[in-house]
Amino acid sequence: MPAKTDPRIGLRFVTLRIFVLVASVLAGAVRPAHAQEVECDPHDKEVRSLSFEGNRTFTDDELATRVLTTPSSFTRRYFRIIGARRCYPNVGLGPDVAALTTLYRNNGFYQATVDTVVTPVTPTSVKVTFRITEGEPLHVDSLEITGLDSVPDPAEITRSLELKPGGRFGIVLMYADIDSIRARLRNAGYPQANIFKSYSTHVDQLRAEVELDAVPGPRTRFGTVNVQSVGVGGGPPAIDSAVVLRLLGFRTRDWYSDRALSEAQRNLYQTGAYRHVGVTVDSAAGPADSVAGVLVDLREDYMHQVDGQVGWATLDCFRTNAQYTDKNFLNDAQHLELTGRLSKLGYGAPTSSAATRNLCYRHDLDKDSIASSKVNYFAGATLREPTLFGSHWVPSYSTYTERRGEYKAYLRTTYIGGEAAATRDIGFQMPLRLAYTLEYGQTNAQPAVLCAVFSRCSAPEQAEVQRRLPLAIASASIQRTRTDNPFDPSSGDVLAAELRGAAPVIGSDPSLSFLKATIDGSWYYKLRSRTVLAFRLRAGAITGGTETGGGARLPPPQERLYAGGANSVRGYQQNELGSLVYLIDSSAVHTVPLTGDTVAVVANSANPHVLRSIPVGGNSLIVANVELRLRDPFFPNLLQYVLFVDAGQVWTRETGAPNLGFGTLEPVATPGIALRYFSPVGPIQVNAGYNPHGNAQGPAYLLSTNSSGSVAPLICVTSFGQSPVKVLRDPATGDLSPIGSSCPSNFAPPRASSFLKRFQLTISVGTDF
C-alpha cells in the first residue's frame with residue numbers, strides 16, 4: 001500500500017522551481033521520451049501530430065517510443081510562438097515501419113502489417129498516422145524445459161513463466177523466461193547456470209514449439225568474505241569489518257544466492273553510513289567450482305547529520321521540526337535519532353495572540369477548540385539496530401513525550417512513552433512489523449461528546465474519564481506492494497492490514513482495553529496510455545472500550561475510527577462523516593418557561609447558527625473510493641484530472657440498539673472532481689466533493705457562560721418544533737443547569753440550499769491513494 005497522505009497542506013516556497021519547470025514545458029523541453037529528435041531545416045515539413053490506429057496490444061505511448069517521427073511541442077503546434085519545431089524525417093517513414101514491424105514480430109505477431117498515411121495540414125506541415133493490422137499471434141503448441149533433474153525444487157524454478165502451452169508466443173517472452181529461470185537457479189545456489197534455447201515457428205498454422213535446456217552447473221556455497229572499507233576523505237573506516245560481516249545477512253558456507261548479495265547491499269545502504277556499497281563475487285579469490293568468495297567494497301559517509309524544517313499548514317498554522325542522527329552509535333552501526341517537533345505555533349497556547357492567530361487558517365482552526373487549543377509537540381529518541389541477533393529482523397527502540405491532536409476530536413498528551421518494534425520483509429515488498437507500546441498520559445475530548453456519548457456531563461465525571469492512565473498496545477501490521485510506480489501507480493495493487501489491542505495483561509488500564517483490526521486495499525488498472533481506473537477499500541472494527549450511555553463500548557478517542565476529508569469521503573470535511581454533536585451559540589436560542597423553575601432552551605428556528613460540530617467517531621468503518629484518472633493531453637507530466645465517487649460510513653455497534661442513539665446511519669456516497677498538479681515537492685490535489693445528503697442528526701448543546709462569568713454546564717437545546725427538554729433555571733441568577741444527562745439526538749442543521757454550496761473543497765499534498 002502506498003504511504004498514508006496527510007490531509008493538511010504543508011506549503012513550501014518552491015516558486016522559482018515551479019516557474020522553471022512550467023517554462024521548460026512551454027518551451028518544449030519537457031516532452032515524451034521518444035527515440036530521438038529529428039533536426040529541422042527551414043524547408044522541412046513540420047510534424048503537427050502523430051497518431052496510431054489499430055493497435056490493441058501496445059499503447060500509443062509505447063509505440064511512440066519506437067519511432068523516429070516526433071510531433072512539435074504543444075506551444076509550437078497551437079500558438080506558433082515558442083517551443084520545439086520537429087520535422088518529417090529526411091529518410092522517410094521506412095525505418096519507423098520496420099521498427100514497428102520488428103516490435104510486433106518479436107512479440108509473436110508474425111502477420112502484423114504497418115501502413116502509413118501522411119496528411120497535409122498546411123503547406124509547411126503534415127499529420128502522420130501509422131495504421132496497424134496486428135493479425136493473430138502465434139501460440140505455443142508445446143513447451144519443454146529440461147536439465148533440472150539435479151535441482152532440489154524444479155517446480156519452483158519453472159513456476160509462473162510467460163510462455164505456456166496455448167498462450168501467445170514471442171521471442172521477447174521467451175527471453176524473459178530464460179532470464180527468469182537463470183535468475184532462479186542463481187538464487188538456488190547455481191551461479192554458473194545457463195539456458196540454451198531452441199524454437200521453431202509455423203506461421204501458416206499460427207503455432208510454435210519451444211525447448212529450453214538448463215545447464216545448472218555445480219551447486220556453490222559462499223566462501224571467504226573480504227571487506228574493503230574506506231572512511232571519509234580516504235581515512236580509516238569508522239565501522240569495523242566485524243560489524244559489516246554481521247550486517248550482510250549471510251555467512252560462509254551458506255548456499256550461493258544473487259538475492260543474498262542484493263539484500264546484503266541493501267542492508268548496508270539502509271544504515272545510512274555509506275555513500276557506496278558493492279557486494280560482488282570476488283574474482284581474485286581464485287577459481288573454485290563449489291565455493292564463491294565475496295568482495296564487499298565500501299565508501300563511508302559522514303556519521304553525524306542534522307536536519308531541520310519550518311513550514312505552515314492549514315490545520316497546524318506554523319510548524320517546525322529538527323532531527324539529529326548518529327549513524328554509528330556506540331561504534332556498532334546503530335542508528336540513533338533525536339527528534340523534536342512543534343505545531344499549532346501561533347494559534348495554540350501559550351503562543352497564541354490576536355496578531356499570530358491572524359496568520360493562521362482560522363476558518364478551520366476556530367472550529368477546533370480541543371486539538372488546536374495548545375501547541376502540539378513531540379520529543380523523542382529512537383535507536384535502530386541493523387539486525388536482531390543476525391536475523392532478518394530489524395529492531396528499533398523509542399522513548400518519547402508528545403502532545404498531539406486530531407482535528408475537532410481529541411487532544412492526547414503522553415507524558416512518557418516507549419516502543420519496541422521489529423520489522424522484516426517476509427516477501428518481495430512485503431514488510432511485517434511487530435510492536436509493543438507503553439504510554440502514560442491522558443486524552444481530552446470535547447465535554448459535549450463525553451456528555452452525549454458516555455453520559456458524563458458533570459465536571460467530576462468528565463475528569464474521571466480523562467484522568468492520567470497507562471496505555472499498553474501490542475500491534476502487528478503487514479503491507480504488500482505490487483505496483484509499477486510507488487508514487488503514481490497505473491497498474492498493480494497495495495494491500496495492508498493491522499491488528500492492535502490493549503489489555504491489563506500487557507500493562508494497560510482496564511478501562512482502556514480494546515481490540516482493533518483494519519484493512520486497506522488499493523487496485524490500479526491501466527485503461528489507456530494516460531487513463532487509470534483506481535479502487536480503494538478500507539474497513540475497520542473495534543471491540544472493547546469504555547461503556548457508553550446506550551450500552552455500547554467505545555475505545556479511547558485516539559483509537560476510534562473516523563472518516564471524511566481529503567483522504568476519505570471527500571463530500572465531508574475532516575472527520576465529519578458519521579455521528580456528530582453540535583454546539584450552539586446563545587444568540588441562536590431562546591428560553592420557554594415550563595413548570596416551576598424549569599424552562600426549555602429552544603433553537604430560534606430550523607436554521608440556527610451552529611458554532612461547532614464535533615465528530616464522535618465509532619467502532620466500525622467502511623469506506624470505498626473509485627477514481628478515473630485522466631492525464632492532461634497537453635501537459636501530461638504536470639496535470640491530471642480525477643473523477644471520483646466516495647462511499648462509506650462510520651458507526652457504533654452496540655447490544656440492543658442499532659447505534660448510539662444518533663438515528664439510523666446509512667452508507668452515503670459523494671461524487672466529485674479533482675485536479676492533481678505534479679509539483680517539484682510532490683503531487684498537490686484539490687478536491688471538490690458534492691454532498692447530496694442532509695447533515696447527521698445528533699444532540700445539540702448550548703455553549704454559554706453563567707452569571708459569575710465562568711463556563712456554564714452543558715445545556716441540552718430543544719430542536720425547533722420538537723418536544724421540550726426540561727432545564728432548571730435559578731430564579732435569583734438566571735443560571736441554567738441540566739436535569740439528568742439525556743439529550744435527544746434529533747438536531748440537524750439544514751442541508752445547503754444551493755447546488756454550489758453542497759460542494760466540499762479539500763486539499764492534500766500527495767496522492768489520495
# chains A, B, ... in the order shown; residues from 1 in each chain; ligands from 1

call {"tool": "residues_around", "arguments": {"residues": "Val375 (chain A)", "least_positions_apart": "6", "cutoff": "7 Å", "atoms": "only C-alpha atoms", "output": "ChimeraX atom specification"}}
result
/A:342-345,348-349

call {"tool": "write_last_selection", "arguments": {"atoms": "all heavy atoms", "output": "PDB file, in the first residue's frame"}}
result
ATOM      1  N   LEU A 342       7.255  20.785  16.683  1.00  0.00           N
ATOM      2  CA  LEU A 342       6.278  21.698  17.252  1.00  0.00           C
ATOM      3  C   LEU A 342       5.280  22.069  16.155  1.00  0.00           C
ATOM      4  O   LEU A 342       5.664  22.305  15.004  1.00  0.00           O
ATOM      5  CB  LEU A 342       6.948  22.969  17.776  1.00  0.00           C
ATOM      6  CG  LEU A 342       7.873  22.833  18.986  1.00  0.00           C
ATOM      7  CD1 LEU A 342       8.612  24.146  19.235  1.00  0.00           C
ATOM      8  CD2 LEU A 342       7.095  22.413  20.222  1.00  0.00           C
ATOM      9  N   SER A 343       3.998  22.119  16.492  1.00  0.00           N
ATOM     10  CA  SER A 343       2.969  22.569  15.561  1.00  0.00           C
ATOM     11  C   SER A 343       1.903  23.342  16.330  1.00  0.00           C
ATOM     12  O   SER A 343       1.925  23.403  17.553  1.00  0.00           O
ATOM     13  CB  SER A 343       2.344  21.385  14.817  1.00  0.00           C
ATOM     14  OG  SER A 343       1.714  20.505  15.723  1.00  0.00           O
ATOM     15  N   LYS A 344       0.970  23.936  15.615  1.00  0.00           N
ATOM     16  CA  LYS A 344      -0.038  24.855  16.163  1.00  0.00           C
ATOM     17  C   LYS A 344       0.620  26.132  16.696  1.00  0.00           C
ATOM     18  O   LYS A 344       0.020  26.857  17.491  1.00  0.00           O
ATOM     19  CB  LYS A 344      -0.860  24.214  17.293  1.00  0.00           C
ATOM     20  CG  LYS A 344      -1.356  22.803  17.003  1.00  0.00           C
ATOM     21  CD  LYS A 344      -2.415  22.761  15.950  1.00  0.00           C
ATOM     22  CE  LYS A 344      -2.963  21.343  15.800  1.00  0.00           C
ATOM     23  NZ  LYS A 344      -3.969  21.227  14.723  1.00  0.00           N
ATOM     24  N   LEU A 345       1.834  26.418  16.236  1.00  0.00           N
ATOM     25  CA  LEU A 345       2.526  27.625  16.679  1.00  0.00           C
ATOM     26  C   LEU A 345       1.803  28.859  16.156  1.00  0.00           C
ATOM     27  O   LEU A 345       1.504  28.956  14.964  1.00  0.00           O
ATOM     28  CB  LEU A 345       3.976  27.619  16.179  1.00  0.00           C
ATOM     29  CG  LEU A 345       4.885  26.531  16.765  1.00  0.00           C
ATOM     30  CD1 LEU A 345       6.225  26.518  16.036  1.00  0.00           C
ATOM     31  CD2 LEU A 345       5.089  26.761  18.250  1.00  0.00           C
ATOM     32  N   GLY A 348      -2.112  27.805  19.070  1.00  0.00           N
ATOM     33  CA  GLY A 348      -2.284  27.119  20.342  1.00  0.00           C
ATOM     34  C   GLY A 348      -1.549  27.817  21.464  1.00  0.00           C
ATOM     35  O   GLY A 348      -0.530  28.486  21.261  1.00  0.00           O
ATOM     36  N   ALA A 349      -2.081  27.681  22.686  1.00  0.00           N
ATOM     37  CA  ALA A 349      -1.438  28.249  23.864  1.00  0.00           C
ATOM     38  C   ALA A 349      -0.110  27.521  24.106  1.00  0.00           C
ATOM     39  O   ALA A 349       0.007  26.324  23.855  1.00  0.00           O
ATOM     40  CB  ALA A 349      -2.357  28.096  25.080  1.00  0.00           C
TER      41      ALA A 349
END

call {"tool": "residues_around", "arguments": {"residues": "Tyr415 (chain A)", "least_positions_apart": "3", "cutoff": "9 Å", "atoms": "only C-alpha atoms", "output": "number ranges by chain"}}
result
A: 400-403, 439-442

call {"tool": "closest_residue", "arguments": {"among": "A:Thr224, A:Val310, A:Ala497, A:Ala193", "to": "Ala284 (chain A)", "atoms": "only C-alpha atoms"}}
result
A:Thr224

call {"tool": "closest_residue", "arguments": {"among": "A:Ala292, A:Val47, A:Val668, A:Cys451", "to": "Pro692 (chain A)", "atoms": "only C-alpha atoms"}}
result
A:Val668

call {"tool": "select_by_dssp", "arguments": {"residues": "region 322-462 of chain A", "states": "helix (DSSP H, G or I)", "output": "ChimeraX atom specification"}}
result
/A:354-357,362-365,447-454,459-462

call {"tool": "residues_around", "arguments": {"residues": "Leu411 (chain A)", "least_positions_apart": "4", "cutoff": "9 Å", "atoms": "only C-alpha atoms", "output": "list in words"}}
result
Ile370, Ala371, Ser372, Ser373, Lys374, Asn376, Arg403, Arg404, Gly405, Glu406, Tyr407, Gln442, Thr443, Asn444, Ala445, Pro557 and Gln558 of chain A

call {"tool": "write_last_selection", "arguments": {"atoms": "N, CA and C atoms", "output": "compact mmCIF listing (two decimals), in the first residue's frame"}}
result
# COMPACT_ATOMS: atom_id res chain seq x y z
N ILE A 370 -10.39 21.81 20.81
CA ILE A 370 -9.66 20.80 21.56
C ILE A 370 -8.27 20.58 20.98
N ALA A 371 -8.18 20.01 19.77
CA ALA A 371 -6.89 19.63 19.20
C ALA A 371 -5.97 20.82 18.96
N SER A 372 -6.56 21.99 18.70
CA SER A 372 -5.75 23.17 18.39
C SER A 372 -5.64 24.14 19.55
N SER A 373 -6.10 23.75 20.72
CA SER A 373 -6.11 24.68 21.84
C SER A 373 -4.73 24.91 22.43
N LYS A 374 -3.83 23.95 22.27
CA LYS A 374 -2.48 24.06 22.81
C LYS A 374 -1.47 23.70 21.73
N ASN A 376 1.08 21.68 19.92
CA ASN A 376 1.39 20.25 19.86
C ASN A 376 2.90 20.08 19.78
N ARG A 403 2.42 15.77 22.67
CA ARG A 403 1.04 16.21 22.72
C ARG A 403 0.58 16.34 21.27
N ARG A 404 -0.48 15.64 20.90
CA ARG A 404 -0.96 15.69 19.52
C ARG A 404 -2.49 15.70 19.53
N GLY A 405 -3.03 16.38 18.56
CA GLY A 405 -4.48 16.49 18.47
C GLY A 405 -5.01 15.98 17.16
N GLU A 406 -6.21 15.46 17.18
CA GLU A 406 -6.96 15.08 15.98
C GLU A 406 -8.06 16.10 15.79
N TYR A 407 -8.12 16.65 14.60
CA TYR A 407 -8.98 17.79 14.30
C TYR A 407 -10.40 17.58 14.82
N GLN A 442 -2.94 11.13 29.12
CA GLN A 442 -4.37 11.36 29.20
C GLN A 442 -4.87 11.89 27.86
N THR A 443 -6.16 11.68 27.61
CA THR A 443 -6.79 12.15 26.39
C THR A 443 -7.96 13.04 26.75
N ASN A 444 -7.94 14.27 26.25
CA ASN A 444 -9.03 15.21 26.48
C ASN A 444 -9.94 15.25 25.26
N ALA A 445 -11.23 15.06 25.51
CA ALA A 445 -12.23 15.12 24.45
C ALA A 445 -13.18 16.28 24.72
N PRO A 557 -10.49 7.88 22.52
CA PRO A 557 -10.70 8.71 21.32
C PRO A 557 -9.60 8.56 20.28
N GLN A 558 -8.34 8.40 20.73
CA GLN A 558 -7.25 8.32 19.76
C GLN A 558 -7.23 7.01 18.99

call {"tool": "atom_distance", "arguments": {"atom1": "CA of Tyr690 (chain A)", "atom2": "CA of Arg629 (chain A)"}}
result
17.9 Å

call {"tool": "atom_distance", "arguments": {"atom1": "CA of Leu432 (chain A)", "atom2": "CA of Gly492 (chain A)"}}
result
19.8 Å

call {"tool": "residues_around", "arguments": {"residues": "region 99-107 of chain A", "least_positions_apart": "3", "cutoff": "10 Å", "atoms": "only C-alpha atoms", "output": "list in words"}}
result
Thr57, Phe58, Leu63, Ala64, Arg66, Val67, Leu68, Leu93, Gly94, Pro95, Asp96, Tyr110, Gln111, Ala112, Thr113, Val114, Phe130, Ile132, Glu134, Gly135, Pro137, Leu138, Arg168, Phe169, Gly170, Ile171, Val172, Leu173 and Met174 of chain A

call {"tool": "closest_atom_pairs", "arguments": {"of": "region 645-711 of chain A", "to": "region 561-566 of chain A", "cutoff": "8 Å", "atoms": "only C-alpha atoms", "output": "CSV"}}
result
residue,atom,partner,partner_atom,distance
A:Gln649,CA,A:Ala563,CA,7.4
A:Val650,CA,A:Ala563,CA,6.6
A:Asn687,CA,A:Ala566,CA,7.1

call {"tool": "write_last_selection", "arguments": {"atoms": "all heavy atoms", "output": "mmCIF file, in the first residue's frame"}}
result
data_model
loop_
_atom_site.group_PDB
_atom_site.id
_atom_site.type_symbol
_atom_site.label_atom_id
_atom_site.label_comp_id
_atom_site.auth_asym_id
_atom_site.auth_seq_id
_atom_site.Cartn_x
_atom_site.Cartn_y
_atom_site.Cartn_z
ATOM 1 N N GLN A 649 -19.307 4.871 5.626
ATOM 2 C CA GLN A 649 -19.961 5.310 6.851
ATOM 3 C C GLN A 649 -19.119 4.888 8.045
ATOM 4 O O GLN A 649 -18.328 3.944 7.970
ATOM 5 C CB GLN A 649 -21.372 4.721 6.965
ATOM 6 C CG GLN A 649 -22.219 5.300 8.080
ATOM 7 C CD GLN A 649 -22.334 6.809 8.030
ATOM 8 O OE1 GLN A 649 -21.520 7.507 8.611
ATOM 9 N NE2 GLN A 649 -23.365 7.303 7.321
ATOM 10 N N VAL A 650 -19.284 5.631 9.130
ATOM 11 C CA VAL A 650 -18.711 5.300 10.441
ATOM 12 C C VAL A 650 -19.865 5.162 11.411
ATOM 13 O O VAL A 650 -20.739 6.029 11.469
ATOM 14 C CB VAL A 650 -17.744 6.401 10.929
ATOM 15 C CG1 VAL A 650 -17.189 6.053 12.300
ATOM 16 C CG2 VAL A 650 -16.620 6.603 9.941
ATOM 17 N N ASN A 687 -9.705 18.814 -4.303
ATOM 18 C CA ASN A 687 -10.906 18.008 -4.496
ATOM 19 C C ASN A 687 -12.155 18.855 -4.284
ATOM 20 O O ASN A 687 -12.195 19.717 -3.397
ATOM 21 C CB ASN A 687 -10.951 16.847 -3.490
ATOM 22 C CG ASN A 687 -9.681 16.016 -3.503
ATOM 23 O OD1 ASN A 687 -9.381 15.332 -4.465
ATOM 24 N ND2 ASN A 687 -8.924 16.101 -2.416
#
